[in-house]
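Asker: The following block contains the structure, expressed as structure tokens.
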Amino acid sequence: MKPNYPLKVIVLFFLLCMVIFITGCVQQTKNMKDSTYYLALQMKEIKTEISHLENALKSEDESLSRPTSLYYFYLALLYSHFKNPEPDYKHAFKNLEEYILLDPEGAGQKSSVQYLMSLLNKLKINEDLCNELKTLITTLKQENKNVNGKIRKAGNRKSEY
């Protein structure tokens, strides 16, 4: 019986390919972080992690995979993080909307996504209202200044008589 070397080489090549493939998958899974990681970040780490995630999204191609779409969810968490020294709720809202758009099935199953969306929506509404009130306050201060100027002028004219 003749040894079947080509079959052994093919099997060995196949096993080697499987090992490389499996280690690649393990490495990719190891690099994936979950929401608890992002929620546990400290104040000084948040800005760095936001930059890291945004750069990762920029380097991805047009066909975003489900794990990559999670980056939008993580960005929403970080932009609205309670330890973020410069929270940006509008950015958080936009990132969460993008995540829901890219992965509606995954987002629909997470109650945390719906909860965060509700909170961010209320914050966005309140921020808009706050900006309107600030504009109104500025306008009223200017009107008050004009009225006070007219009163002073009228008072000065009376004292001249």
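FYI, nothing fancy with the structure tokens labels: chains A, B, ... in order, residues from 1 per chain, ligands from 1 as they appear.
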Leu70 in chain A: which residues within 12 Å, counting only C-alpha atoms, same-chain residues fewer than 2 positions away excluded, as a PyMOL selection string?

Answerer: chain A and resi 32-35+38+53-54+56-57+64-68+72-77+95-104+106-107+110+113

Asker: Report as a tab-separated table the residues of range 73-110 of chain A within 12 Å of range 127-144 of chain A, each with its shortest atom pair and distance in Å (one decimal), using only C-alpha atoms, ordered by chain and increasing residue number.

Answerer:
residue	atom	partner	partner_atom	distance
A:Asp88	CA	A:Glu127	CA	10.6
A:Tyr89	CA	A:Glu127	CA	8.8
A:Lys90	CA	A:Glu127	CA	9.1

Asker: DSSP on the backbone, then: every residue of range 49-139 of chain A marked alpha helix (DSSP H), written as a PDB file with N, CA, C and O atoms, in the first residue's frame.

Answerer:
ATOM      1  N   GLU A  49     -11.597  57.561  24.297  1.00  0.00           N
ATOM      2  CA  GLU A  49     -12.393  56.450  23.767  1.00  0.00           C
ATOM      3  C   GLU A  49     -13.348  56.928  22.665  1.00  0.00           C
ATOM      4  O   GLU A  49     -13.559  56.218  21.679  1.00  0.00           O
ATOM      5  N   ILE A  50     -13.896  58.130  22.823  1.00  0.00           N
ATOM      6  CA  ILE A  50     -14.749  58.703  21.767  1.00  0.00           C
ATOM      7  C   ILE A  50     -13.923  58.844  20.486  1.00  0.00           C
ATOM      8  O   ILE A  50     -14.368  58.451  19.399  1.00  0.00           O
ATOM      9  N   SER A  51     -12.735  59.383  20.616  1.00  0.00           N
ATOM     10  CA  SER A  51     -11.849  59.561  19.460  1.00  0.00           C
ATOM     11  C   SER A  51     -11.509  58.218  18.822  1.00  0.00           C
ATOM     12  O   SER A  51     -11.520  58.080  17.594  1.00  0.00           O
ATOM     13  N   HIS A  52     -11.231  57.230  19.660  1.00  0.00           N
ATOM     14  CA  HIS A  52     -10.896  55.886  19.169  1.00  0.00           C
ATOM     15  C   HIS A  52     -12.056  55.295  18.368  1.00  0.00           C
ATOM     16  O   HIS A  52     -11.857  54.761  17.271  1.00  0.00           O
ATOM     17  N   LEU A  53     -13.270  55.395  18.894  1.00  0.00           N
ATOM     18  CA  LEU A  53     -14.437  54.831  18.206  1.00  0.00           C
ATOM     19  C   LEU A  53     -14.740  55.579  16.911  1.00  0.00           C
ATOM     20  O   LEU A  53     -15.086  54.965  15.894  1.00  0.00           O
ATOM     21  N   GLU A  54     -14.622  56.901  16.929  1.00  0.00           N
ATOM     22  CA  GLU A  54     -14.883  57.679  15.713  1.00  0.00           C
ATOM     23  C   GLU A  54     -13.860  57.351  14.626  1.00  0.00           C
ATOM     24  O   GLU A  54     -14.211  57.239  13.452  1.00  0.00           O
ATOM     25  N   ASN A  55     -12.607  57.178  15.016  1.00  0.00           N
ATOM     26  CA  ASN A  55     -11.581  56.793  14.040  1.00  0.00           C
ATOM     27  C   ASN A  55     -11.840  55.392  13.494  1.00  0.00           C
ATOM     28  O   ASN A  55     -11.630  55.142  12.303  1.00  0.00           O
ATOM     29  N   ALA A  56     -12.306  54.494  14.345  1.00  0.00           N
ATOM     30  CA  ALA A  56     -12.623  53.138  13.899  1.00  0.00           C
ATOM     31  C   ALA A  56     -13.770  53.161  12.893  1.00  0.00           C
ATOM     32  O   ALA A  56     -13.742  52.434  11.902  1.00  0.00           O
ATOM     33  N   LEU A  57     -14.754  54.018  13.123  1.00  0.00           N
ATOM     34  CA  LEU A  57     -15.868  54.133  12.182  1.00  0.00           C
ATOM     35  C   LEU A  57     -15.424  54.738  10.854  1.00  0.00           C
ATOM     36  O   LEU A  57     -15.891  54.329   9.791  1.00  0.00           O
ATOM     37  N   LYS A  58     -14.529  55.707  10.911  1.00  0.00           N
ATOM     38  CA  LYS A  58     -14.035  56.333   9.672  1.00  0.00           C
ATOM     39  C   LYS A  58     -13.230  55.343   8.838  1.00  0.00           C
ATOM     40  O   LYS A  58     -13.247  55.419   7.613  1.00  0.00           O
ATOM     41  N   SER A  59     -12.527  54.436   9.490  1.00  0.00           N
ATOM     42  CA  SER A  59     -11.684  53.492   8.760  1.00  0.00           C
ATOM     43  C   SER A  59     -12.480  52.315   8.191  1.00  0.00           C
ATOM     44  O   SER A  59     -11.983  51.582   7.353  1.00  0.00           O
ATOM     45  N   ARG A  66     -22.669  44.242  11.915  1.00  0.00           N
ATOM     46  CA  ARG A  66     -23.406  44.431  13.159  1.00  0.00           C
ATOM     47  C   ARG A  66     -22.487  44.851  14.306  1.00  0.00           C
ATOM     48  O   ARG A  66     -22.798  45.779  15.031  1.00  0.00           O
ATOM     49  N   PRO A  67     -21.324  44.177  14.514  1.00  0.00           N
ATOM     50  CA  PRO A  67     -20.447  44.632  15.606  1.00  0.00           C
ATOM     51  C   PRO A  67     -19.997  46.075  15.435  1.00  0.00           C
ATOM     52  O   PRO A  67     -19.899  46.816  16.386  1.00  0.00           O
ATOM     53  N   THR A  68     -19.748  46.499  14.191  1.00  0.00           N
ATOM     54  CA  THR A  68     -19.332  47.869  13.953  1.00  0.00           C
ATOM     55  C   THR A  68     -20.472  48.839  14.233  1.00  0.00           C
ATOM     56  O   THR A  68     -20.246  49.938  14.724  1.00  0.00           O
ATOM     57  N   SER A  69     -21.702  48.430  13.942  1.00  0.00           N
ATOM     58  CA  SER A  69     -22.838  49.315  14.208  1.00  0.00           C
ATOM     59  C   SER A  69     -22.974  49.572  15.708  1.00  0.00           C
ATOM     60  O   SER A  69     -23.498  50.607  16.108  1.00  0.00           O
ATOM     61  N   LEU A  70     -22.462  48.647  16.509  1.00  0.00           N
ATOM     62  CA  LEU A  70     -22.480  48.852  17.966  1.00  0.00           C
ATOM     63  C   LEU A  70     -21.632  50.058  18.382  1.00  0.00           C
ATOM     64  O   LEU A  70     -21.866  50.646  19.425  1.00  0.00           O
ATOM     65  N   TYR A  71     -20.646  50.415  17.545  1.00  0.00           N
ATOM     66  CA  TYR A  71     -19.824  51.586  17.857  1.00  0.00           C
ATOM     67  C   TYR A  71     -20.697  52.829  18.010  1.00  0.00           C
ATOM     68  O   TYR A  71     -20.419  53.688  18.835  1.00  0.00           O
ATOM     69  N   TYR A  72     -21.749  52.925  17.195  1.00  0.00           N
ATOM     70  CA  TYR A  72     -22.656  54.061  17.309  1.00  0.00           C
ATOM     71  C   TYR A  72     -23.375  54.059  18.660  1.00  0.00           C
ATOM     72  O   TYR A  72     -23.577  55.105  19.267  1.00  0.00           O
ATOM     73  N   PHE A  73     -23.756  52.865  19.111  1.00  0.00           N
ATOM     74  CA  PHE A  73     -24.396  52.746  20.425  1.00  0.00           C
ATOM     75  C   PHE A  73     -23.416  53.166  21.519  1.00  0.00           C
ATOM     76  O   PHE A  73     -23.765  53.924  22.427  1.00  0.00           O
ATOM     77  N   TYR A  74     -22.173  52.692  21.403  1.00  0.00           N
ATOM     78  CA  TYR A  74     -21.166  53.041  22.404  1.00  0.00           C
ATOM     79  C   TYR A  74     -20.856  54.537  22.388  1.00  0.00           C
ATOM     80  O   TYR A  74     -20.641  55.152  23.439  1.00  0.00           O
ATOM     81  N   LEU A  75     -20.830  55.140  21.205  1.00  0.00           N
ATOM     82  CA  LEU A  75     -20.621  56.590  21.121  1.00  0.00           C
ATOM     83  C   LEU A  75     -21.766  57.344  21.789  1.00  0.00           C
ATOM     84  O   LEU A  75     -21.539  58.335  22.478  1.00  0.00           O
ATOM     85  N   ALA A  76     -22.986  56.846  21.606  1.00  0.00           N
ATOM     86  CA  ALA A  76     -24.132  57.476  22.277  1.00  0.00           C
ATOM     87  C   ALA A  76     -23.962  57.395  23.788  1.00  0.00           C
ATOM     88  O   ALA A  76     -24.241  58.364  24.507  1.00  0.00           O
ATOM     89  N   LEU A  77     -23.504  56.249  24.272  1.00  0.00           N
ATOM     90  CA  LEU A  77     -23.262  56.109  25.715  1.00  0.00           C
ATOM     91  C   LEU A  77     -22.204  57.084  26.199  1.00  0.00           C
ATOM     92  O   LEU A  77     -22.357  57.715  27.251  1.00  0.00           O
ATOM     93  N   LEU A  78     -21.129  57.211  25.433  1.00  0.00           N
ATOM     94  CA  LEU A  78     -20.023  58.068  25.860  1.00  0.00           C
ATOM     95  C   LEU A  78     -20.364  59.548  25.768  1.00  0.00           C
ATOM     96  O   LEU A  78     -19.998  60.325  26.653  1.00  0.00           O
ATOM     97  N   TYR A  79     -21.050  59.965  24.706  1.00  0.00           N
ATOM     98  CA  TYR A  79     -21.424  61.375  24.589  1.00  0.00           C
ATOM     99  C   TYR A  79     -22.395  61.792  25.691  1.00  0.00           C
ATOM    100  O   TYR A  79     -22.418  62.952  26.089  1.00  0.00           O
ATOM    101  N   TYR A  89     -25.454  65.871  24.061  1.00  0.00           N
ATOM    102  CA  TYR A  89     -26.646  65.039  23.968  1.00  0.00           C
ATOM    103  C   TYR A  89     -27.190  64.953  22.544  1.00  0.00           C
ATOM    104  O   TYR A  89     -27.747  63.929  22.153  1.00  0.00           O
ATOM    105  N   LYS A  90     -26.992  66.001  21.760  1.00  0.00           N
ATOM    106  CA  LYS A  90     -27.440  65.948  20.364  1.00  0.00           C
ATOM    107  C   LYS A  90     -26.607  64.938  19.576  1.00  0.00           C
ATOM    108  O   LYS A  90     -27.133  64.191  18.767  1.00  0.00           O
ATOM    109  N   HIS A  91     -25.300  64.917  19.824  1.00  0.00           N
ATOM    110  CA  HIS A  91     -24.431  63.931  19.179  1.00  0.00           C
ATOM    111  C   HIS A  91     -24.800  62.520  19.632  1.00  0.00           C
ATOM    112  O   HIS A  91     -24.796  61.588  18.827  1.00  0.00           O
ATOM    113  N   ALA A  92     -25.079  62.386  20.913  1.00  0.00           N
ATOM    114  CA  ALA A  92     -25.481  61.080  21.444  1.00  0.00           C
ATOM    115  C   ALA A  92     -26.761  60.611  20.760  1.00  0.00           C
ATOM    116  O   ALA A  92     -26.879  59.450  20.351  1.00  0.00           O
ATOM    117  N   PHE A  93     -27.715  61.513  20.614  1.00  0.00           N
ATOM    118  CA  PHE A  93     -28.993  61.197  19.984  1.00  0.00           C
ATOM    119  C   PHE A  93     -28.783  60.765  18.529  1.00  0.00           C
ATOM    120  O   PHE A  93     -29.342  59.762  18.074  1.00  0.00           O
ATOM    121  N   LYS A  94     -27.940  61.505  17.788  1.00  0.00           N
ATOM    122  CA  LYS A  94     -27.674  61.175  16.385  1.00  0.00           C
ATOM    123  C   LYS A  94     -26.994  59.812  16.254  1.00  0.00           C
ATOM    124  O   LYS A  94     -27.310  59.037  15.358  1.00  0.00           O
ATOM    125  N   ASN A  95     -26.056  59.516  17.146  1.00  0.00           N
ATOM    126  CA  ASN A  95     -25.374  58.225  17.104  1.00  0.00           C
ATOM    127  C   ASN A  95     -26.322  57.086  17.433  1.00  0.00           C
ATOM    128  O   ASN A  95     -26.251  56.013  16.834  1.00  0.00           O
ATOM    129  N   LEU A  96     -27.215  57.318  18.377  1.00  0.00           N
ATOM    130  CA  LEU A  96     -28.186  56.282  18.729  1.00  0.00           C
ATOM    131  C   LEU A  96     -29.161  56.042  17.578  1.00  0.00           C
ATOM    132  O   LEU A  96     -29.510  54.902  17.279  1.00  0.00           O
ATOM    133  N   GLU A  97     -29.567  57.110  16.916  1.00  0.00           N
ATOM    134  CA  GLU A  97     -30.430  56.962  15.737  1.00  0.00           C
ATOM    135  C   GLU A  97     -29.715  56.158  14.643  1.00  0.00           C
ATOM    136  O   GLU A  97     -30.322  55.298  13.998  1.00  0.00           O
ATOM    137  N   GLU A  98     -28.433  56.424  14.446  1.00  0.00           N
ATOM    138  CA  GLU A  98     -27.645  55.701  13.438  1.00  0.00           C
ATOM    139  C   GLU A  98     -27.552  54.218  13.798  1.00  0.00           C
ATOM    140  O   GLU A  98     -27.659  53.354  12.929  1.00  0.00           O
ATOM    141  N   TYR A  99     -27.349  53.937  15.066  1.00  0.00           N
ATOM    142  CA  TYR A  99     -27.285  52.539  15.516  1.00  0.00           C
ATOM    143  C   TYR A  99     -28.612  51.830  15.238  1.00  0.00           C
ATOM    144  O   TYR A  99     -28.631  50.714  14.714  1.00  0.00           O
ATOM    145  N   ILE A 100     -29.717  52.474  15.566  1.00  0.00           N
ATOM    146  CA  ILE A 100     -31.038  51.873  15.352  1.00  0.00           C
ATOM    147  C   ILE A 100     -31.279  51.665  13.852  1.00  0.00           C
ATOM    148  O   ILE A 100     -31.842  50.648  13.441  1.00  0.00           O
ATOM    149  N   LEU A 101     -30.815  52.605  13.041  1.00  0.00           N
ATOM    150  CA  LEU A 101     -30.965  52.490  11.593  1.00  0.00           C
ATOM    151  C   LEU A 101     -30.166  51.306  11.041  1.00  0.00           C
ATOM    152  O   LEU A 101     -30.661  50.558  10.194  1.00  0.00           O
ATOM    153  N   LEU A 102     -28.938  51.132  11.516  1.00  0.00           N
ATOM    154  CA  LEU A 102     -28.069  50.067  11.020  1.00  0.00           C
ATOM    155  C   LEU A 102     -28.415  48.691  11.572  1.00  0.00           C
ATOM    156  O   LEU A 102     -28.171  47.681  10.917  1.00  0.00           O
ATOM    157  N   PRO A 104     -31.698  47.553  13.394  1.00  0.00           N
ATOM    158  CA  PRO A 104     -33.008  47.699  14.034  1.00  0.00           C
ATOM    159  C   PRO A 104     -33.390  46.475  14.866  1.00  0.00           C
ATOM    160  O   PRO A 104     -34.026  46.608  15.906  1.00  0.00           O
ATOM    161  N   GLU A 105     -32.955  45.308  14.416  1.00  0.00           N
ATOM    162  CA  GLU A 105     -33.286  44.083  15.152  1.00  0.00           C
ATOM    163  C   GLU A 105     -32.580  44.048  16.509  1.00  0.00           C
ATOM    164  O   GLU A 105     -33.193  43.806  17.540  1.00  0.00           O
ATOM    165  N   GLY A 106     -31.287  44.309  16.503  1.00  0.00           N
ATOM    166  CA  GLY A 106     -30.507  44.301  17.740  1.00  0.00           C
ATOM    167  C   GLY A 106     -30.925  45.417  18.682  1.00  0.00           C
ATOM    168  O   GLY A 106     -31.013  45.231  19.888  1.00  0.00           O
ATOM    169  N   ALA A 107     -31.187  46.595  18.105  1.00  0.00           N
ATOM    170  CA  ALA A 107     -31.580  47.747  18.923  1.00  0.00           C
ATOM    171  C   ALA A 107     -32.954  47.520  19.549  1.00  0.00           C
ATOM    172  O   ALA A 107     -33.196  47.918  20.689  1.00  0.00           O
ATOM    173  N   GLY A 108     -33.848  46.894  18.799  1.00  0.00           N
ATOM    174  CA  GLY A 108     -35.203  46.650  19.309  1.00  0.00           C
ATOM    175  C   GLY A 108     -35.232  45.681  20.466  1.00  0.00           C
ATOM    176  O   GLY A 108     -36.145  45.706  21.291  1.00  0.00           O
ATOM    177  N   GLN A 109     -34.222  44.819  20.539  1.00  0.00           N
ATOM    178  CA  GLN A 109     -34.186  43.828  21.613  1.00  0.00           C
ATOM    179  C   GLN A 109     -33.565  44.366  22.893  1.00  0.00           C
ATOM    180  O   GLN A 109     -33.684  43.755  23.943  1.00  0.00           O
ATOM    181  N   SER A 111     -33.570  46.871  25.808  1.00  0.00           N
ATOM    182  CA  SER A 111     -34.390  47.874  26.498  1.00  0.00           C
ATOM    183  C   SER A 111     -33.545  49.113  26.824  1.00  0.00           C
ATOM    184  O   SER A 111     -34.073  50.219  26.902  1.00  0.00           O
ATOM    185  N   SER A 112     -32.238  48.913  26.979  1.00  0.00           N
ATOM    186  CA  SER A 112     -31.364  50.050  27.281  1.00  0.00           C
ATOM    187  C   SER A 112     -31.345  51.053  26.132  1.00  0.00           C
ATOM    188  O   SER A 112     -31.234  52.256  26.359  1.00  0.00           O
ATOM    189  N   VAL A 113     -31.479  50.572  24.898  1.00  0.00           N
ATOM    190  CA  VAL A 113     -31.496  51.470  23.743  1.00  0.00           C
ATOM    191  C   VAL A 113     -32.752  52.330  23.777  1.00  0.00           C
ATOM    192  O   VAL A 113     -32.689  53.551  23.592  1.00  0.00           O
ATOM    193  N   GLN A 114     -33.886  51.694  24.038  1.00  0.00           N
ATOM    194  CA  GLN A 114     -35.150  52.435  24.093  1.00  0.00           C
ATOM    195  C   GLN A 114     -35.144  53.431  25.252  1.00  0.00           C
ATOM    196  O   GLN A 114     -35.606  54.563  25.116  1.00  0.00           O
ATOM    197  N   TYR A 115     -34.606  53.007  26.378  1.00  0.00           N
ATOM    198  CA  TYR A 115     -34.528  53.870  27.559  1.00  0.00           C
ATOM    199  C   TYR A 115     -33.636  55.088  27.270  1.00  0.00           C
ATOM    200  O   TYR A 115     -34.020  56.233  27.537  1.00  0.00           O
ATOM    201  N   LEU A 116     -32.458  54.834  26.702  1.00  0.00           N
ATOM    202  CA  LEU A 116     -31.528  55.922  26.397  1.00  0.00           C
ATOM    203  C   LEU A 116     -32.116  56.863  25.356  1.00  0.00           C
ATOM    204  O   LEU A 116     -31.993  58.085  25.469  1.00  0.00           O
ATOM    205  N   MET A 117     -32.787  56.314  24.361  1.00  0.00           N
ATOM    206  CA  MET A 117     -33.408  57.139  23.320  1.00  0.00           C
ATOM    207  C   MET A 117     -34.457  58.065  23.935  1.00  0.00           C
ATOM    208  O   MET A 117     -34.533  59.244  23.597  1.00  0.00           O
ATOM    209  N   SER A 118     -35.242  57.529  24.849  1.00  0.00           N
ATOM    210  CA  SER A 118     -36.266  58.333  25.514  1.00  0.00           C
ATOM    211  C   SER A 118     -35.636  59.471  26.320  1.00  0.00           C
ATOM    212  O   SER A 118     -36.073  60.624  26.238  1.00  0.00           O
ATOM    213  N   LEU A 119     -34.601  59.165  27.078  1.00  0.00           N
ATOM    214  CA  LEU A 119     -33.925  60.191  27.889  1.00  0.00           C
ATOM    215  C   LEU A 119     -33.266  61.250  27.012  1.00  0.00           C
ATOM    216  O   LEU A 119     -33.384  62.453  27.282  1.00  0.00           O
ATOM    217  N   LEU A 120     -32.586  60.805  25.969  1.00  0.00           N
ATOM    218  CA  LEU A 120     -31.906  61.757  25.083  1.00  0.00           C
ATOM    219  C   LEU A 120     -32.899  62.650  24.352  1.00  0.00           C
ATOM    220  O   LEU A 120     -32.640  63.833  24.137  1.00  0.00           O
ATOM    221  N   ASN A 121     -34.031  62.085  23.982  1.00  0.00           N
ATOM    222  CA  ASN A 121     -35.071  62.879  23.325  1.00  0.00           C
ATOM    223  C   ASN A 121     -35.577  63.977  24.256  1.00  0.00           C
ATOM    224  O   ASN A 121     -35.724  65.133  23.858  1.00  0.00           O
ATOM    225  N   LYS A 122     -35.812  63.628  25.517  1.00  0.00           N
ATOM    226  CA  LYS A 122     -36.269  64.626  26.495  1.00  0.00           C
ATOM    227  C   LYS A 122     -35.186  65.673  26.745  1.00  0.00           C
ATOM    228  O   LYS A 122     -35.488  66.869  26.845  1.00  0.00           O
ATOM    229  N   LEU A 123     -33.933  65.248  26.832  1.00  0.00           N
ATOM    230  CA  LEU A 123     -32.834  66.189  27.016  1.00  0.00           C
ATOM    231  C   LEU A 123     -32.715  67.137  25.824  1.00  0.00           C
ATOM    232  O   LEU A 123     -32.472  68.328  25.990  1.00  0.00           O
ATOM    233  N   LYS A 124     -32.874  66.593  24.628  1.00  0.00           N
ATOM    234  CA  LYS A 124     -32.799  67.413  23.421  1.00  0.00           C
ATOM    235  C   LYS A 124     -33.919  68.459  23.416  1.00  0.00           C
ATOM    236  O   LYS A 124     -33.684  69.631  23.117  1.00  0.00           O
ATOM    237  N   ILE A 125     -35.119  68.047  23.783  1.00  0.00           N
ATOM    238  CA  ILE A 125     -36.256  68.973  23.842  1.00  0.00           C
ATOM    239  C   ILE A 125     -35.992  70.061  24.882  1.00  0.00           C
ATOM    240  O   ILE A 125     -36.209  71.250  24.626  1.00  0.00           O
ATOM    241  N   ASN A 126     -35.506  69.660  26.049  1.00  0.00           N
ATOM    242  CA  ASN A 126     -35.215  70.622  27.111  1.00  0.00           C
ATOM    243  C   ASN A 126     -34.067  71.558  26.729  1.00  0.00           C
ATOM    244  O   ASN A 126     -34.088  72.742  27.070  1.00  0.00           O
ATOM    245  N   GLU A 127     -33.077  71.036  26.016  1.00  0.00           N
ATOM    246  CA  GLU A 127     -31.964  71.875  25.580  1.00  0.00           C
ATOM    247  C   GLU A 127     -32.452  72.923  24.576  1.00  0.00           C
ATOM    248  O   GLU A 127     -32.060  74.088  24.638  1.00  0.00           O
ATOM    249  N   ASP A 128     -33.336  72.520  23.669  1.00  0.00           N
ATOM    250  CA  ASP A 128     -33.909  73.468  22.707  1.00  0.00           C
ATOM    251  C   ASP A 128     -34.725  74.543  23.427  1.00  0.00           C
ATOM    252  O   ASP A 128     -34.639  75.722  23.108  1.00  0.00           O
ATOM    253  N   LEU A 129     -35.512  74.112  24.409  1.00  0.00           N
ATOM    254  CA  LEU A 129     -36.308  75.057  25.195  1.00  0.00           C
ATOM    255  C   LEU A 129     -35.402  76.015  25.957  1.00  0.00           C
ATOM    256  O   LEU A 129     -35.657  77.228  26.002  1.00  0.00           O
ATOM    257  N   CYS A 130     -34.345  75.484  26.523  1.00  0.00           N
ATOM    258  CA  CYS A 130     -33.383  76.311  27.261  1.00  0.00           C
ATOM    259  C   CYS A 130     -32.760  77.360  26.340  1.00  0.00           C
ATOM    260  O   CYS A 130     -32.621  78.527  26.723  1.00  0.00           O
ATOM    261  N   ASN A 131     -32.401  76.962  25.123  1.00  0.00           N
ATOM    262  CA  ASN A 131     -31.829  77.913  24.159  1.00  0.00           C
ATOM    263  C   ASN A 131     -32.834  78.994  23.777  1.00  0.00           C
ATOM    264  O   ASN A 131     -32.468  80.163  23.648  1.00  0.00           O
ATOM    265  N   GLU A 132     -34.093  78.606  23.608  1.00  0.00           N
ATOM    266  CA  GLU A 132     -35.140  79.594  23.319  1.00  0.00           C
ATOM    267  C   GLU A 132     -35.286  80.585  24.468  1.00  0.00           C
ATOM    268  O   GLU A 132     -35.424  81.790  24.251  1.00  0.00           O
ATOM    269  N   LEU A 133     -35.244  80.066  25.697  1.00  0.00           N
ATOM    270  CA  LEU A 133     -35.373  80.933  26.868  1.00  0.00           C
ATOM    271  C   LEU A 133     -34.171  81.874  27.003  1.00  0.00           C
ATOM    272  O   LEU A 133     -34.327  83.036  27.373  1.00  0.00           O
ATOM    273  N   LYS A 134     -32.990  81.382  26.697  1.00  0.00           N
ATOM    274  CA  LYS A 134     -31.801  82.237  26.737  1.00  0.00           C
ATOM    275  C   LYS A 134     -31.927  83.376  25.734  1.00  0.00           C
ATOM    276  O   LYS A 134     -31.578  84.517  26.035  1.00  0.00           O
ATOM    277  N   THR A 135     -32.426  83.058  24.545  1.00  0.00           N
ATOM    278  CA  THR A 135     -32.637  84.089  23.527  1.00  0.00           C
ATOM    279  C   THR A 135     -33.666  85.104  24.003  1.00  0.00           C
ATOM    280  O   THR A 135     -33.480  86.317  23.848  1.00  0.00           O
ATOM    281  N   LEU A 136     -34.742  84.617  24.602  1.00  0.00           N
ATOM    282  CA  LEU A 136     -35.779  85.496  25.118  1.00  0.00           C
ATOM    283  C   LEU A 136     -35.233  86.379  26.232  1.00  0.00           C
ATOM    284  O   LEU A 136     -35.525  87.582  26.278  1.00  0.00           O
ATOM    285  N   ILE A 137     -34.430  85.833  27.115  1.00  0.00           N
ATOM    286  CA  ILE A 137     -33.826  86.609  28.211  1.00  0.00           C
ATOM    287  C   ILE A 137     -32.943  87.723  27.638  1.00  0.00           C
ATOM    288  O   ILE A 137     -32.998  88.868  28.101  1.00  0.00           O
ATOM    289  N   THR A 138     -32.144  87.378  26.636  1.00  0.00           N
ATOM    290  CA  THR A 138     -31.277  88.384  26.006  1.00  0.00           C
ATOM    291  C   THR A 138     -32.107  89.509  25.403  1.00  0.00           C
ATOM    292  O   THR A 138     -31.788  90.695  25.573  1.00  0.00           O
ATOM    293  N   THR A 139     -33.182  89.140  24.714  1.00  0.00           N
ATOM    294  CA  THR A 139     -34.071  90.136  24.108  1.00  0.00           C
ATOM    295  C   THR A 139     -34.705  91.012  25.177  1.00  0.00           C
ATOM    296  O   THR A 139     -34.757  92.248  25.034  1.00  0.00           O
TER     297      THR A 139
END

Asker: Suppose you want the space between CA of His81 in chain A and CA of Lys47 in chain A; what is it in Å?

Answerer: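 For CA of His81 in chain A relative to CA of Lys47 in chain A, the distance reads 10.7 Å.
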